[in-house]
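Below is the file upload.pdb, which contains PDB, C-alpha atoms and all ligand atoms.
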```pdb
ATOM      1  CA  MET A   1     -43.904 133.362 190.920
ATOM      2  CA  GLY A   2     -41.671 130.979 188.917
ATOM      3  CA  LYS A   3     -40.482 131.171 185.336
ATOM      4  CA  ILE A   4     -42.169 133.748 183.141
ATOM      5  CA  ILE A   5     -41.748 133.778 179.365
ATOM      6  CA  VAL A   6     -40.750 137.253 178.188
ATOM      7  CA  GLY A   7     -40.180 136.674 174.481
ATOM      8  CA  LYS A   8     -38.081 134.914 171.892
ATOM      9  CA  THR A   9     -34.335 135.224 171.490
ATOM     10  CA  THR A  10     -34.915 136.860 168.110
ATOM     11  CA  ASP A  11     -36.870 139.659 169.845
ATOM     12  CA  ILE A  12     -33.667 141.035 171.411
ATOM     13  CA  PRO A  13     -30.627 141.285 169.113
ATOM     14  CA  PRO A  14     -27.134 141.223 170.690
ATOM     15  CA  GLY A  15     -26.321 144.543 172.356
ATOM     16  CA  LYS A  16     -29.978 145.494 172.796
ATOM     17  CA  MET A  17     -32.325 145.610 175.747
ATOM     18  CA  ILE A  18     -36.072 145.748 176.160
ATOM     19  CA  LYS A  19     -38.529 146.440 178.942
ATOM     20  CA  VAL A  20     -41.171 143.892 179.815
ATOM     21  CA  SER A  21     -43.876 144.082 182.424
ATOM     22  CA  ILE A  22     -44.305 141.098 184.705
ATOM     23  CA  ASP A  23     -47.173 141.255 187.157
ATOM     24  CA  GLY A  24     -47.004 145.061 187.198
ATOM     25  CA  ARG A  25     -43.230 145.165 187.644
ATOM     26  CA  ASP A  26     -41.004 146.608 184.884
ATOM     27  CA  ILE A  27     -38.074 144.345 184.068
ATOM     28  CA  LEU A  28     -35.158 145.049 181.727
ATOM     29  CA  VAL A  29     -34.010 142.094 179.619
ATOM     30  CA  ALA A  30     -30.736 142.442 177.710
ATOM     31  CA  ASN A  31     -28.808 140.389 175.202
ATOM     32  CA  ILE A  32     -25.057 140.441 175.804
ATOM     33  CA  ASP A  33     -23.342 138.395 173.100
ATOM     34  CA  ASN A  34     -26.319 136.023 173.069
ATOM     35  CA  ASN A  35     -26.311 135.646 176.842
ATOM     36  CA  PHE A  36     -29.477 137.068 178.307
ATOM     37  CA  CYS A  37     -29.769 138.853 181.645
ATOM     38  CA  ALA A  38     -32.524 140.668 183.510
ATOM     39  CA  THR A  39     -32.731 143.357 186.193
ATOM     40  CA  ASP A  40     -35.323 145.784 187.455
ATOM     41  CA  ASP A  41     -35.881 148.472 184.823
ATOM     42  CA  SER A  42     -36.280 151.333 187.278
ATOM     43  CA  CYS A  43     -33.067 153.195 188.161
ATOM     44  CA  THR A  44     -32.485 153.198 191.923
ATOM     45  CA  HIS A  45     -31.478 156.880 191.767
ATOM     46  CA  SER A  46     -34.681 158.564 190.601
ATOM     47  CA  GLY A  47     -36.644 155.911 188.778
ATOM     48  CA  SER A  48     -35.731 156.446 185.142
ATOM     49  CA  SER A  49     -36.444 153.546 182.799
ATOM     50  CA  LEU A  50     -33.005 152.015 182.307
ATOM     51  CA  SER A  51     -34.044 150.281 179.097
ATOM     52  CA  GLU A  52     -34.182 153.778 177.574
ATOM     53  CA  GLY A  53     -30.528 154.294 178.477
ATOM     54  CA  LYS A  54     -27.445 152.811 176.823
ATOM     55  CA  LEU A  55     -25.984 149.326 176.896
ATOM     56  CA  ASP A  56     -22.239 148.927 176.400
ATOM     57  CA  GLY A  57     -21.038 145.382 176.983
ATOM     58  CA  CYS A  58     -22.759 144.392 180.206
ATOM     59  CA  VAL A  59     -22.913 147.976 181.532
ATOM     60  CA  ILE A  60     -26.218 149.839 181.464
ATOM     61  CA  THR A  61     -25.969 153.632 181.625
ATOM     62  CA  CYS A  62     -29.031 155.473 182.870
ATOM     63  CA  GLY A  63     -30.268 158.089 180.420
ATOM     64  CA  TRP A  64     -31.048 160.648 183.146
ATOM     65  CA  HIS A  65     -27.951 161.123 185.316
ATOM     66  CA  ALA A  66     -25.615 158.436 183.953
ATOM     67  CA  ALA A  67     -25.580 155.935 186.829
ATOM     68  CA  GLN A  68     -24.029 152.704 185.601
ATOM     69  CA  PHE A  69     -25.052 149.189 186.577
ATOM     70  CA  ASP A  70     -23.812 145.733 185.653
ATOM     71  CA  CYS A  71     -26.638 144.066 183.814
ATOM     72  CA  LYS A  72     -25.528 140.573 184.839
ATOM     73  CA  THR A  73     -25.415 141.238 188.575
ATOM     74  CA  GLY A  74     -27.450 144.419 189.060
ATOM     75  CA  LYS A  75     -24.499 145.907 190.964
ATOM     76  CA  LEU A  76     -23.831 149.631 190.814
ATOM     77  CA  VAL A  77     -20.711 150.223 188.692
ATOM     78  CA  LYS A  78     -20.349 153.999 188.798
ATOM     79  CA  PHE A  79     -22.145 156.976 190.309
ATOM     80  CA  PRO A  80     -20.918 159.877 192.454
ATOM     81  CA  VAL A  81     -22.924 158.718 195.466
ATOM     82  CA  LYS A  82     -23.889 155.282 196.741
ATOM     83  CA  ILE A  83     -27.277 154.153 195.513
ATOM     84  CA  ARG A  84     -28.893 150.739 195.751
ATOM     85  CA  ASP A  85     -27.975 147.931 193.398
ATOM     86  CA  LEU A  86     -30.656 146.690 191.040
ATOM     87  CA  THR A  87     -32.409 143.417 191.714
ATOM     88  CA  SER A  88     -31.255 140.907 189.122
ATOM     89  CA  TYR A  89     -33.098 137.819 187.975
ATOM     90  CA  ASN A  90     -32.075 134.448 186.611
ATOM     91  CA  VAL A  91     -32.717 134.069 182.907
ATOM     92  CA  THR A  92     -32.951 130.797 181.013
ATOM     93  CA  VAL A  93     -33.484 130.042 177.346
ATOM     94  CA  GLU A  94     -35.425 126.991 176.227
ATOM     95  CA  SER A  95     -36.257 126.351 172.585
ATOM     96  CA  GLU A  96     -35.558 130.022 171.742
ATOM     97  CA  ASN A  97     -37.949 131.207 174.438
ATOM     98  CA  ILE A  98     -36.543 133.545 177.109
ATOM     99  CA  PHE A  99     -37.708 132.948 180.669
ATOM    100  CA  VAL A 100     -37.149 135.209 183.664
ATOM    101  CA  GLU A 101     -37.315 133.588 187.092
ATOM    102  CA  MET A 102     -39.015 135.704 189.731
TER     103      MET A 102
HETATM  104  S1  LIG A 201     -32.485 158.423 187.480
HETATM  105 FE1  LIG A 201     -30.859 157.088 186.864
HETATM  106  S2  LIG A 201     -29.073 158.174 187.371
HETATM  107 FE2  LIG A 201     -30.654 159.470 188.029
END
```

As a first step, turn the structure in this file into structure tokens.
Amino acid sequence: MGKIIVGKTTDIPPGKMIKVSIDGRDILVANIDNNFCATDDSCTHSGSSLSEGKLDGCVITCGWHAAQFDCKTGKLVKFPVKIRDLTSYNVTVESENIFVEM
């Protein structure tokens, strides 16, 4: 699919995350100390929208049952049982525009 523009850097303040829809797929884009990262927005446990959870550093905590994922890698950080990692995506910034590579 290539590089998709998802917004401007000013759209996502540090420590915040948003959900964008790319070709019908919900993607979470987060700003961690002005480094941007992107993963699937849907929790691999039961499908909650992770962008409605909490972001602490690079750790996303799901608002439903508190699964934790690393926003930079998509890897599961903490949950009582093994669930799938999130798919993560490369993010680049050019002239204040944020691009997600899919
Ligand atoms: S839906 Fe995310 S932890 Fe259950």

Contacts of ligand LIG 201 (chain A), 7 Å or closer, only C-alpha atoms and all ligand atoms, given as a PDB file with C-alpha atoms, in the frame of the given file:
```pdb
ATOM      1  CA  CYS A  43     -33.067 153.195 188.161  1.00  0.00           C
ATOM      2  CA  THR A  44     -32.485 153.198 191.923  1.00  0.00           C
ATOM      3  CA  HIS A  45     -31.478 156.880 191.767  1.00  0.00           C
ATOM      4  CA  SER A  46     -34.681 158.564 190.601  1.00  0.00           C
ATOM      5  CA  GLY A  47     -36.644 155.911 188.778  1.00  0.00           C
ATOM      6  CA  SER A  48     -35.731 156.446 185.142  1.00  0.00           C
ATOM      7  CA  CYS A  62     -29.031 155.473 182.870  1.00  0.00           C
ATOM      8  CA  GLY A  63     -30.268 158.089 180.420  1.00  0.00           C
ATOM      9  CA  TRP A  64     -31.048 160.648 183.146  1.00  0.00           C
ATOM     10  CA  HIS A  65     -27.951 161.123 185.316  1.00  0.00           C
ATOM     11  CA  ALA A  66     -25.615 158.436 183.953  1.00  0.00           C
ATOM     12  CA  ALA A  67     -25.580 155.935 186.829  1.00  0.00           C
TER      13      ALA A  67
END
```

Of the candidates A:Asp70, A:Asp41, A:Asp11, A:Asp33, which one gets nearest to Asn97 of chain A if we count all atoms listed in the file?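 Using all atoms listed in the file, the shortest distance to Asn97 of chain A belongs to A:Asp11.
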
Can you list what the PyMOL selection byres (((chain A and resi 5) around 9) and not hetatm) grabs from this structure, as a compact mmCIF listing (two decimals) with C-alpha atoms, in the coordinates of the input?
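New file selection01.txt:
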```txt
# COMPACT_ATOMS: atom_id res chain seq x y z
CA LYS A 3 -40.48 131.17 185.34
CA ILE A 4 -42.17 133.75 183.14
CA VAL A 6 -40.75 137.25 178.19
CA GLY A 7 -40.18 136.67 174.48
CA LYS A 8 -38.08 134.91 171.89
CA ASN A 97 -37.95 131.21 174.44
CA ILE A 98 -36.54 133.54 177.11
CA PHE A 99 -37.71 132.95 180.67
CA VAL A 100 -37.15 135.21 183.66
CA GLU A 101 -37.32 133.59 187.09
```

Q: Find the residue from A:Ile83, A:Leu55, A:Met17, A:Met1 that sits nearest to Val29 of chain A; use all atoms listed in the file when measuring.
A: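 Of A:Ile83, A:Leu55, A:Met17, A:Met1, the one nearest Val29 of chain A is A:Met17, counting all atoms listed in the file.
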
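In this model, the gap between atom CA of Gly15 of chain A and atom CA of Asn35 of chain A comes to 10.0 Å.
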
Quick one: residues within 8 Å of Phe69 of chain A, only C-alpha atoms counted, chain neighbours fewer than 5 positions away excluded, as a PDB file with C-alpha atoms, in the coordinates of the input?
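That gives us around00.pdb:
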```
ATOM      1  CA  VAL A  59     -22.913 147.976 181.532  1.00  0.00           C
ATOM      2  CA  ILE A  60     -26.218 149.839 181.464  1.00  0.00           C
ATOM      3  CA  THR A  61     -25.969 153.632 181.625  1.00  0.00           C
ATOM      4  CA  GLY A  74     -27.450 144.419 189.060  1.00  0.00           C
ATOM      5  CA  LYS A  75     -24.499 145.907 190.964  1.00  0.00           C
ATOM      6  CA  LEU A  76     -23.831 149.631 190.814  1.00  0.00           C
ATOM      7  CA  VAL A  77     -20.711 150.223 188.692  1.00  0.00           C
ATOM      8  CA  LYS A  78     -20.349 153.999 188.798  1.00  0.00           C
ATOM      9  CA  ASP A  85     -27.975 147.931 193.398  1.00  0.00           C
ATOM     10  CA  LEU A  86     -30.656 146.690 191.040  1.00  0.00           C
TER      11      LEU A  86
END
```

Worksheet entry | atom CA of Ile12 of chain A to atom CA of Thr73 of chain A, straight-line distance in Å |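 Separation between atom CA of Thr73 of chain A and atom CA of Ile12 of chain A: 19.0 Å.
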
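If you look at atom CA of Pro80 of chain A and atom CA of Gly53 of chain A, they are 17.9 Å away from each other.
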
Model the absent atoms of segment 6-35 of chain A so that N, CA and C atoms are present, and write the result as a PDB file, keeping the file's coordinate frame.
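The result, stored in part_0.pdb:
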```pdb
ATOM      1  N   VAL A   6     -40.754 135.825 178.504  1.00  0.00           N
ATOM      2  CA  VAL A   6     -40.750 137.253 178.188  1.00  0.00           C
ATOM      3  C   VAL A   6     -40.543 137.524 176.698  1.00  0.00           C
ATOM      4  N   GLY A   7     -40.323 136.485 175.915  1.00  0.00           N
ATOM      5  CA  GLY A   7     -40.180 136.674 174.481  1.00  0.00           C
ATOM      6  C   GLY A   7     -39.280 135.621 173.876  1.00  0.00           C
ATOM      7  N   LYS A   8     -38.967 135.829 172.611  1.00  0.00           N
ATOM      8  CA  LYS A   8     -38.081 134.914 171.892  1.00  0.00           C
ATOM      9  C   LYS A   8     -36.703 135.546 171.765  1.00  0.00           C
ATOM     10  N   THR A   9     -35.707 134.709 171.601  1.00  0.00           N
ATOM     11  CA  THR A   9     -34.335 135.224 171.490  1.00  0.00           C
ATOM     12  C   THR A   9     -34.206 136.192 170.317  1.00  0.00           C
ATOM     13  N   THR A  10     -34.990 135.973 169.275  1.00  0.00           N
ATOM     14  CA  THR A  10     -34.915 136.860 168.110  1.00  0.00           C
ATOM     15  C   THR A  10     -35.538 138.235 168.385  1.00  0.00           C
ATOM     16  N   ASP A  11     -36.263 138.366 169.495  1.00  0.00           N
ATOM     17  CA  ASP A  11     -36.870 139.659 169.845  1.00  0.00           C
ATOM     18  C   ASP A  11     -35.830 140.663 170.335  1.00  0.00           C
ATOM     19  N   ILE A  12     -34.680 140.151 170.829  1.00  0.00           N
ATOM     20  CA  ILE A  12     -33.667 141.035 171.411  1.00  0.00           C
ATOM     21  C   ILE A  12     -32.321 140.729 170.752  1.00  0.00           C
ATOM     22  N   PRO A  13     -31.926 141.510 169.759  1.00  0.00           N
ATOM     23  CA  PRO A  13     -30.627 141.285 169.113  1.00  0.00           C
ATOM     24  C   PRO A  13     -29.476 141.529 170.099  1.00  0.00           C
ATOM     25  N   PRO A  14     -28.297 140.974 169.829  1.00  0.00           N
ATOM     26  CA  PRO A  14     -27.134 141.223 170.690  1.00  0.00           C
ATOM     27  C   PRO A  14     -26.883 142.725 170.850  1.00  0.00           C
ATOM     28  N   GLY A  15     -26.601 143.135 172.073  1.00  0.00           N
ATOM     29  CA  GLY A  15     -26.321 144.543 172.356  1.00  0.00           C
ATOM     30  C   GLY A  15     -27.554 145.384 172.588  1.00  0.00           C
ATOM     31  N   LYS A  16     -28.726 144.743 172.599  1.00  0.00           N
ATOM     32  CA  LYS A  16     -29.978 145.494 172.796  1.00  0.00           C
ATOM     33  C   LYS A  16     -30.644 145.086 174.098  1.00  0.00           C
ATOM     34  N   MET A  17     -31.545 145.925 174.543  1.00  0.00           N
ATOM     35  CA  MET A  17     -32.325 145.610 175.747  1.00  0.00           C
ATOM     36  C   MET A  17     -33.758 146.077 175.548  1.00  0.00           C
ATOM     37  N   ILE A  18     -34.660 145.400 176.238  1.00  0.00           N
ATOM     38  CA  ILE A  18     -36.072 145.748 176.160  1.00  0.00           C
ATOM     39  C   ILE A  18     -36.645 145.809 177.571  1.00  0.00           C
ATOM     40  N   LYS A  19     -37.799 146.428 177.672  1.00  0.00           N
ATOM     41  CA  LYS A  19     -38.529 146.440 178.942  1.00  0.00           C
ATOM     42  C   LYS A  19     -39.746 145.546 178.794  1.00  0.00           C
ATOM     43  N   VAL A  20     -39.957 144.700 179.781  1.00  0.00           N
ATOM     44  CA  VAL A  20     -41.171 143.892 179.815  1.00  0.00           C
ATOM     45  C   VAL A  20     -41.852 144.137 181.150  1.00  0.00           C
ATOM     46  N   SER A  21     -43.138 143.917 181.180  1.00  0.00           N
ATOM     47  CA  SER A  21     -43.876 144.082 182.424  1.00  0.00           C
ATOM     48  C   SER A  21     -44.326 142.714 182.908  1.00  0.00           C
ATOM     49  N   ILE A  22     -43.921 142.377 184.122  1.00  0.00           N
ATOM     50  CA  ILE A  22     -44.305 141.098 184.705  1.00  0.00           C
ATOM     51  C   ILE A  22     -45.056 141.377 185.988  1.00  0.00           C
ATOM     52  N   ASP A  23     -46.339 141.082 185.975  1.00  0.00           N
ATOM     53  CA  ASP A  23     -47.173 141.255 187.157  1.00  0.00           C
ATOM     54  C   ASP A  23     -47.051 142.682 187.708  1.00  0.00           C
ATOM     55  N   GLY A  24     -47.047 143.658 186.801  1.00  0.00           N
ATOM     56  CA  GLY A  24     -47.004 145.061 187.198  1.00  0.00           C
ATOM     57  C   GLY A  24     -45.610 145.579 187.498  1.00  0.00           C
ATOM     58  N   ARG A  25     -44.603 144.738 187.353  1.00  0.00           N
ATOM     59  CA  ARG A  25     -43.230 145.165 187.644  1.00  0.00           C
ATOM     60  C   ARG A  25     -42.465 145.289 186.334  1.00  0.00           C
ATOM     61  N   ASP A  26     -41.768 146.416 186.119  1.00  0.00           N
ATOM     62  CA  ASP A  26     -41.004 146.608 184.884  1.00  0.00           C
ATOM     63  C   ASP A  26     -39.629 145.970 185.018  1.00  0.00           C
ATOM     64  N   ILE A  27     -39.324 145.099 184.067  1.00  0.00           N
ATOM     65  CA  ILE A  27     -38.074 144.345 184.068  1.00  0.00           C
ATOM     66  C   ILE A  27     -37.333 144.636 182.768  1.00  0.00           C
ATOM     67  N   LEU A  28     -36.025 144.852 182.889  1.00  0.00           N
ATOM     68  CA  LEU A  28     -35.158 145.049 181.727  1.00  0.00           C
ATOM     69  C   LEU A  28     -34.559 143.690 181.374  1.00  0.00           C
ATOM     70  N   VAL A  29     -34.636 143.330 180.094  1.00  0.00           N
ATOM     71  CA  VAL A  29     -34.010 142.094 179.619  1.00  0.00           C
ATOM     72  C   VAL A  29     -33.029 142.486 178.519  1.00  0.00           C
ATOM     73  N   ALA A  30     -31.777 142.053 178.656  1.00  0.00           N
ATOM     74  CA  ALA A  30     -30.736 142.442 177.710  1.00  0.00           C
ATOM     75  C   ALA A  30     -30.077 141.213 177.103  1.00  0.00           C
ATOM     76  N   ASN A  31     -29.570 141.425 175.897  1.00  0.00           N
ATOM     77  CA  ASN A  31     -28.808 140.389 175.202  1.00  0.00           C
ATOM     78  C   ASN A  31     -27.359 140.844 175.122  1.00  0.00           C
ATOM     79  N   ILE A  32     -26.488 140.123 175.825  1.00  0.00           N
ATOM     80  CA  ILE A  32     -25.057 140.441 175.804  1.00  0.00           C
ATOM     81  C   ILE A  32     -24.348 139.277 175.133  1.00  0.00           C
ATOM     82  N   ASP A  33     -24.009 139.465 173.873  1.00  0.00           N
ATOM     83  CA  ASP A  33     -23.342 138.395 173.100  1.00  0.00           C
ATOM     84  C   ASP A  33     -24.112 137.074 173.180  1.00  0.00           C
ATOM     85  N   ASN A  34     -25.408 137.174 173.038  1.00  0.00           N
ATOM     86  CA  ASN A  34     -26.319 136.023 173.069  1.00  0.00           C
ATOM     87  C   ASN A  34     -26.418 135.339 174.429  1.00  0.00           C
ATOM     88  N   ASN A  35     -25.994 136.048 175.468  1.00  0.00           N
ATOM     89  CA  ASN A  35     -26.311 135.646 176.842  1.00  0.00           C
ATOM     90  C   ASN A  35     -27.318 136.670 177.357  1.00  0.00           C
TER      91      ASN A  35
END
```
